[in-house]
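Asks: Provided herewith: entry.txt, compact mmCIF, C-alpha atoms.
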# COMPACT_ATOMS: atom_id res chain seq x y z
CA MET A 1 2.88 43.61 44.62
CA ARG A 2 4.62 40.40 45.71
CA ALA A 3 3.88 38.78 42.33
CA LEU A 4 5.09 41.92 40.58
CA SER A 5 8.34 41.86 42.55
CA ARG A 6 8.97 38.27 41.44
CA PHE A 7 8.18 39.05 37.79
CA PRO A 8 11.73 39.90 36.54
CA GLY A 9 13.24 36.79 38.11
CA ASN A 10 10.50 34.53 36.82
CA LEU A 11 10.81 35.99 33.33
CA ILE A 12 14.58 35.57 33.30
CA ARG A 13 14.33 31.95 34.46
CA ARG A 14 11.67 31.22 31.84
CA LEU A 15 13.70 32.79 29.05
CA ARG A 16 16.86 31.08 30.27
CA GLY A 17 15.13 27.70 30.21
CA ALA A 18 13.72 28.35 26.73
CA ASP A 19 17.11 29.51 25.47
CA GLU A 20 18.82 26.44 26.88
CA ARG A 21 16.30 24.11 25.25
CA LEU A 22 16.57 25.92 21.94
CA GLY A 23 20.37 25.93 22.18
CA VAL A 24 20.46 22.17 22.73
CA ARG A 25 18.14 21.57 19.80
CA LEU A 26 20.13 23.85 17.51
CA LEU A 27 23.32 22.08 18.58
CA VAL A 28 21.77 18.72 17.74
CA THR A 29 20.64 20.13 14.39
CA ALA A 30 24.16 21.36 13.62
CA ALA A 31 25.62 17.97 14.59
CA VAL A 32 23.18 16.16 12.29
CA CYS A 33 24.11 18.46 9.42
CA ALA A 34 27.83 17.98 10.03
CA VAL A 35 27.58 14.19 10.21
CA ALA A 36 25.41 14.07 7.08
CA THR A 37 27.92 16.20 5.15
CA VAL A 38 31.01 14.15 6.04
CA PRO A 39 30.48 11.31 3.49
CA PHE A 40 29.95 13.78 0.67
CA ALA A 41 33.01 15.79 1.71
CA PHE A 42 35.08 12.58 1.69
CA VAL A 43 34.00 11.76 -1.89
CA LEU A 44 34.60 15.37 -2.94
CA VAL A 45 38.17 15.24 -1.59
CA LEU A 46 38.87 12.03 -3.52
CA VAL A 47 37.47 13.54 -6.72
CA GLU A 48 39.45 16.76 -6.36
CA ALA A 49 42.63 14.80 -5.56
CA HIS A 50 42.17 12.61 -8.67
CA TRP A 51 42.61 9.54 -6.50
CA GLY A 52 43.80 6.69 -8.69
CA PRO A 53 41.52 3.85 -7.49
CA LEU A 54 38.44 6.08 -7.78
CA HIS A 55 39.43 7.20 -11.27
CA ARG A 56 39.96 3.60 -12.40
CA ALA A 57 36.62 2.51 -10.91
CA ASP A 58 34.84 5.38 -12.66
CA ARG A 59 36.50 4.60 -15.97
CA SER A 60 35.75 0.88 -15.72
CA ALA A 61 32.06 1.42 -14.88
CA ALA A 62 31.66 3.96 -17.68
CA GLU A 63 33.29 1.78 -20.33
CA ASN A 64 31.45 -1.42 -19.35
CA LEU A 65 28.04 0.25 -19.28
CA HIS A 66 28.81 2.09 -22.50
CA ARG A 67 29.61 -1.16 -24.32
CA ALA A 68 26.36 -2.65 -23.02
CA ALA A 69 24.45 0.41 -24.26
CA LEU A 70 25.98 0.14 -27.73
CA ASP A 71 24.98 -3.54 -27.90
CA HIS A 72 21.35 -2.86 -26.86
CA PRO A 73 19.96 0.24 -28.62
CA ALA A 74 16.41 -0.53 -27.47
CA TRP A 75 17.59 -0.40 -23.85
CA VAL A 76 19.15 3.00 -24.55
CA THR A 77 15.74 4.25 -25.70
CA VAL A 78 14.22 3.11 -22.42
CA LEU A 79 16.97 4.79 -20.40
CA ARG A 80 16.54 8.05 -22.31
CA PHE A 81 12.80 7.99 -21.70
CA LEU A 82 13.26 7.44 -17.98
CA THR A 83 15.98 10.04 -17.46
CA ASN A 84 14.23 12.69 -19.58
CA GLY A 85 10.69 11.80 -18.51
CA PRO A 86 9.44 10.50 -15.13
CA TRP A 87 12.88 10.61 -13.50
CA SER A 88 13.92 14.02 -14.82
CA PRO A 89 14.62 16.86 -12.35
CA THR A 90 11.78 18.88 -13.88
CA VAL A 91 9.18 16.18 -13.20
CA MET A 92 10.57 15.58 -9.70
CA ARG A 93 10.33 19.27 -8.84
CA LEU A 94 6.82 19.51 -10.27
CA LEU A 95 5.73 16.64 -8.02
CA VAL A 96 7.15 18.47 -5.01
CA ALA A 97 5.45 21.69 -6.14
CA ALA A 98 2.12 19.87 -6.36
CA VAL A 99 2.58 18.55 -2.83
CA VAL A 100 3.42 22.08 -1.61
CA VAL A 101 0.17 23.40 -3.10
CA TRP A 102 -1.76 20.59 -1.42
CA LEU A 103 -0.10 21.33 1.92
CA LEU A 104 -1.05 24.98 1.63
CA TYR A 105 -4.64 23.88 1.00
CA ARG A 106 -4.40 21.73 4.14
CA ARG A 107 -3.05 24.77 6.04
CA ALA A 108 0.17 22.92 6.83
CA TRP A 109 2.14 26.13 6.36
CA ARG A 110 5.43 25.11 7.94
CA LEU A 111 5.52 21.70 6.26
CA ALA A 112 4.82 23.38 2.90
CA ALA A 113 7.67 25.82 3.56
CA TRP A 114 9.96 22.92 4.50
CA ALA A 115 9.19 21.04 1.28
CA ALA A 116 9.67 24.13 -0.90
CA VAL A 117 12.89 25.21 0.82
CA THR A 118 14.36 21.69 0.65
CA SER A 119 13.70 21.45 -3.09
CA ALA A 120 15.02 24.95 -3.82
CA LEU A 121 18.07 24.51 -1.58
CA SER A 122 18.92 21.23 -3.30
CA SER A 123 18.97 22.93 -6.70
CA LEU A 124 21.00 25.89 -5.45
CA VAL A 125 23.60 23.83 -3.61
CA GLY A 126 23.97 21.44 -6.54
CA VAL A 127 24.69 24.26 -8.99
CA MET A 128 27.14 25.91 -6.59
CA VAL A 129 29.12 22.71 -6.05
CA LYS A 130 29.18 21.92 -9.78
CA THR A 131 30.54 25.38 -10.51
CA ALA A 132 33.16 25.11 -7.78
CA VAL A 133 34.43 21.64 -8.77
CA GLU A 134 34.24 22.04 -12.59
CA ARG A 135 34.63 18.35 -13.30
CA ALA A 136 34.42 17.33 -16.95
CA ARG A 137 31.87 14.76 -18.08
CA PRO A 138 32.97 11.40 -19.53
CA GLN A 139 34.29 11.49 -23.09
CA LEU A 140 33.39 8.17 -24.68
CA PRO A 141 33.62 6.93 -28.30
CA ASP A 142 30.24 6.77 -30.05
CA PRO A 143 28.33 8.45 -27.20
CA VAL A 144 24.67 7.51 -26.91
CA ALA A 145 23.66 10.67 -25.00
CA HIS A 146 24.91 14.17 -24.25
CA ALA A 147 24.40 16.55 -21.31
CA PRO A 148 25.50 20.16 -20.77
CA GLY A 149 27.41 21.59 -17.84
CA TYR A 150 29.80 20.10 -15.37
CA SER A 151 29.69 16.57 -14.01
CA PHE A 152 30.09 16.50 -10.20
CA PRO A 153 27.73 16.01 -8.49
CA SER A 154 24.96 14.54 -10.62
CA GLY A 155 22.01 16.95 -10.57
CA HIS A 156 19.63 14.15 -11.54
CA ALA A 157 20.78 11.96 -8.66
CA MET A 158 20.69 14.82 -6.15
CA THR A 159 17.23 16.01 -7.21
CA ALA A 160 15.85 12.47 -7.11
CA THR A 161 17.21 11.98 -3.60
CA THR A 162 15.78 15.18 -2.15
CA SER A 163 12.49 15.01 -4.07
CA CYS A 164 11.76 11.40 -3.20
CA GLY A 165 12.75 12.15 0.39
CA VAL A 166 10.35 15.10 0.54
CA LEU A 167 7.50 13.10 -0.99
CA LEU A 168 8.10 10.23 1.42
CA LEU A 169 8.35 12.32 4.58
CA VAL A 170 5.25 14.34 3.69
CA LEU A 171 2.92 11.64 2.34
CA LEU A 172 3.92 8.62 4.44
CA PRO A 173 1.38 9.38 7.23
CA LEU A 174 -1.41 9.03 4.65
CA VAL A 175 -0.34 5.49 3.70
CA PRO A 176 -1.68 2.57 5.80
CA ARG A 177 1.04 1.06 7.97
CA GLY A 178 0.84 -2.30 6.23
CA LEU A 179 1.55 -0.70 2.85
CA ARG A 180 4.34 1.71 3.79
CA ALA A 181 7.01 -0.60 2.39
CA LEU A 182 5.66 0.12 -1.11
CA PRO A 183 6.42 3.89 -1.22
CA TRP A 184 9.82 3.21 0.36
CA ALA A 185 10.57 0.66 -2.35
CA ALA A 186 9.37 3.04 -5.07
CA ALA A 187 11.59 5.82 -3.72
CA VAL A 188 14.68 3.59 -3.51
CA ILE A 189 14.11 2.19 -7.00
CA SER A 190 13.68 5.70 -8.39
CA VAL A 191 16.81 7.10 -6.73
CA VAL A 192 19.00 4.12 -7.68
CA GLY A 193 17.46 3.95 -11.15
CA VAL A 194 18.18 7.60 -11.83
CA GLY A 195 21.82 7.07 -10.93
CA TYR A 196 22.07 4.01 -13.15
CA THR A 197 20.62 5.81 -16.18
CA ARG A 198 23.12 8.66 -15.89
CA VAL A 199 26.14 6.34 -15.81
CA ALA A 200 24.74 3.90 -18.40
CA LEU A 201 24.11 6.76 -20.84
CA GLY A 202 27.69 7.93 -20.38
CA VAL A 203 26.88 11.44 -19.14
CA HIS A 204 28.18 10.98 -15.58
CA TRP A 205 30.89 9.14 -13.73
CA ALA A 206 29.73 6.73 -11.04
CA SER A 207 31.29 8.96 -8.36
CA ASP A 208 29.19 11.86 -9.67
CA VAL A 209 26.07 9.86 -8.89
CA VAL A 210 27.32 8.83 -5.45
CA GLY A 211 28.18 12.45 -4.73
CA GLY A 212 24.69 13.53 -5.80
CA TRP A 213 23.07 10.96 -3.53
CA LEU A 214 25.19 11.95 -0.54
CA LEU A 215 24.78 15.70 -1.03
CA GLY A 216 21.02 15.28 -1.50
CA LEU A 217 20.85 13.29 1.74
CA ALA A 218 22.86 15.99 3.52
CA VAL A 219 20.46 18.73 2.40
CA LEU A 220 17.47 16.60 3.36
CA ALA A 221 18.94 15.82 6.78
CA ALA A 222 19.72 19.49 7.45
CA THR A 223 16.24 20.79 6.64
CA THR A 224 14.56 17.87 8.39
CA ALA A 225 16.55 18.49 11.57
CA ALA A 226 15.50 22.15 11.46
CA PHE A 227 11.84 21.14 11.06
CA GLN A 228 12.10 18.75 13.99
CA THR A 229 13.47 21.62 16.09
CA TRP A 230 10.34 23.61 15.31
CA ARG A 231 8.11 20.65 16.25
CA GLN A 232 9.77 20.39 19.64
CA GLU A 233 9.47 24.13 20.22
CA ALA A 234 5.77 23.85 19.38
CA GLY A 235 5.36 21.06 21.93
CA LEU A 236 4.86 18.32 19.32
CA ALA A 237 6.38 14.87 19.53
CA HIS A 238 9.61 14.00 17.76
CA THR A 239 8.96 11.82 14.71
CA SER A 240 10.94 9.15 12.89
CA PRO A 241 11.30 8.61 9.12
CA ALA A 242 8.93 5.64 9.44
CA GLN A 243 6.18 8.02 10.64
CA GLY A 244 6.78 10.91 8.25
CA LEU A 245 7.54 14.46 9.29
CA GLU A 246 4.02 15.36 10.37
CA PRO A 247 1.88 12.37 11.40
CA GLU A 248 -1.01 14.77 12.12
CA LEU A 249 -1.67 14.98 8.36
CA ASP A 250 -3.64 11.72 8.50
CA THR A 251 -6.37 13.47 10.52
CA PRO A 252 -8.95 14.79 8.04
CA HIS A 253 -10.69 18.18 8.28
CA THR A 254 -8.28 19.53 10.89
CA ALA A 255 -5.36 21.88 10.68
CA PRO A 256 -2.27 19.65 11.15
CA GLU A 257 -0.14 22.42 12.64
CA PRO A 258 -1.17 24.05 15.91
CA ALA A 259 -0.27 27.62 16.66
CA LEU A 260 3.11 28.08 18.30
CA HIS A 261 2.66 29.18 21.93
CA LEU A 262 5.72 30.51 23.73
CA GLY A 263 4.05 30.47 27.12
CA HIS A 264 1.03 29.07 28.85
CA HIS A 265 -1.47 31.68 29.90
CA PRO A 266 -4.80 30.60 31.37
CA ALA A 267 -7.84 32.05 29.66
CA PRO A 268 -9.64 34.78 31.62
CA PRO A 269 -12.86 33.59 33.30
CA SER A 270 -16.05 34.28 31.42
CA ALA A 271 -19.11 35.99 32.90
CA GLU A 272 -20.79 32.61 33.30
CA ASP A 273 -17.91 31.33 35.45
CA ASP A 274 -18.01 34.35 37.76
CA PRO A 275 -19.15 33.03 41.21
CA ARG A 276 -20.32 36.48 42.31
CA PRO A 277 -24.06 37.15 42.04
In structure tokens, how does this file's structure come out?

Replies:
Amino acid sequence: MRALSRFPGNLIRRLRGADERLGVRLLVTAAVCAVATVPFAFVLVLVEAHWGPLHRADRSAAENLHRAALDHPAWVTVLRFLTNGPWSPTVMRLLVAAVVVWLLYRRAWRLAAWAAVTSALSSLVGVMVKTAVERARPQLPDPVAHAPGYSFPSGHAMTATTSCGVLLLVLLPLVPRGLRALPWAAAVISVVGVGYTRVALGVHWASDVVGGWLLGLAVLAATTAAFQTWRQEAGLAHTSPAQGLEPELDTPHTAPEPALHLGHHPAPPSAEDDPRP
């Protein structure tokens, strides 16, 4: 009876403590999202305001790279292959989809959901911002490439940023520590290379590419912060980008994600543990 009388108070204190912890984590998540979005918002304001220095920088980069493309047609062929082949949004999304299928096979349900949601959210947000801004693509004499739709932000650059980020954060725990610089280098080269191809082919302004990078990073930071909140609620350690999102993936033949327990309840004693004869 005494334990029963204390039950409401204990339950309220337990829920209050859980709510406070969750509230702090959600607040941190919101702060991360806000900070990650600020650089993109700054670039967006400059683009919408037609800021003179940005416009001149965009025009100068487009014209210089366009002249170089006209002088080196073989290089244009390479750029077209890269932007329409291994660095295309379709290939990037297919790589993420393959990783999602593998995660489902590994029973890493929440990590698979995170990867799928991040990729889908990147595509959705990119299309919404393009439609809202309605920025025209560069109009250059003797264009070497064409692309449909609006210009800001670059969908190629945004997809490369989020896709390479997803692949890195998922697969990094499987790479030996001494070799982890290699996937980081490959991701950076891919993201920067995608941006270069879009400007060099004359289908995007340089600020479009920068906007795509920043918006992709903002989406990645938002979903990653949400995933880290789940890890803490599940009693798992906070991870860093150098570790990957779920270091437990490097343990073979085990489910990387434990069940989420909201409370700790001792198991009832078995018949063998009963001290009574």

Asks: So which one's closest to His66 (chain A), A:Ala218, A:Val144, A:Ala113, A:Ala237? Using only C-alpha atoms, please.

Replies: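 For His66 (chain A), the nearest of the given residues is A:Val144.
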
Asks: Closest to Thr239 (chain A) among A:Ala225, A:Val117, A:Val99, A:Leu46, using all atoms listed in the file?

Replies: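 Comparing A:Ala225, A:Val117, A:Val99, A:Leu46 against Thr239 (chain A), the winner is A:Ala225.
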
Asks: Quick one: distance from CA of Leu121 (chain A) to CA of Leu220 (chain A) in Å, one decimal?

Replies: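 Separation between CA of Leu121 (chain A) and CA of Leu220 (chain A): 9.3 Å.
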
Asks: Taking (6.4, 2.5, 0.8) in the file's coordinates as the center, which residues reach within 12 Å of it, counting all atoms listed in the file, put as a list in words?

Replies: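 I get Cys164, Gly165, Leu167, Leu168, Leu169, Leu171, Leu172, Pro173, Leu174, Val175, Pro176, Arg177, Gly178, Leu179, Arg180, Ala181, Leu182, Pro183, Trp184, Ala185, Ala186, Ala187, Val188, Ile189, Pro241, Ala242, Gln243 and Gly244 of chain A for the residues within 12 Å of that point.
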
Asks: Please report the interatomic distance between CA of Ala157 (chain A) and CA of Ser190 (chain A) in Å with one decimal.

Replies: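 Interatomic distance here is 9.5 Å.
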
Asks: Find the residues near Ser122 (chain A): any atom within 7 Å, counting all atoms listed in the file, skip ones fewer than 3 places away on the same chain, and give them as a ChimeraX atom specification.

Replies: /A:118-119,125-126,159,162,216,219

Asks: Tell me, in Å to one decimal, how far CA of Ser240 (chain A) is from CA of Pro89 (chain A).

Replies: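 CA of Pro89 (chain A) lies at a distance of 26.6 Å from CA of Ser240 (chain A).
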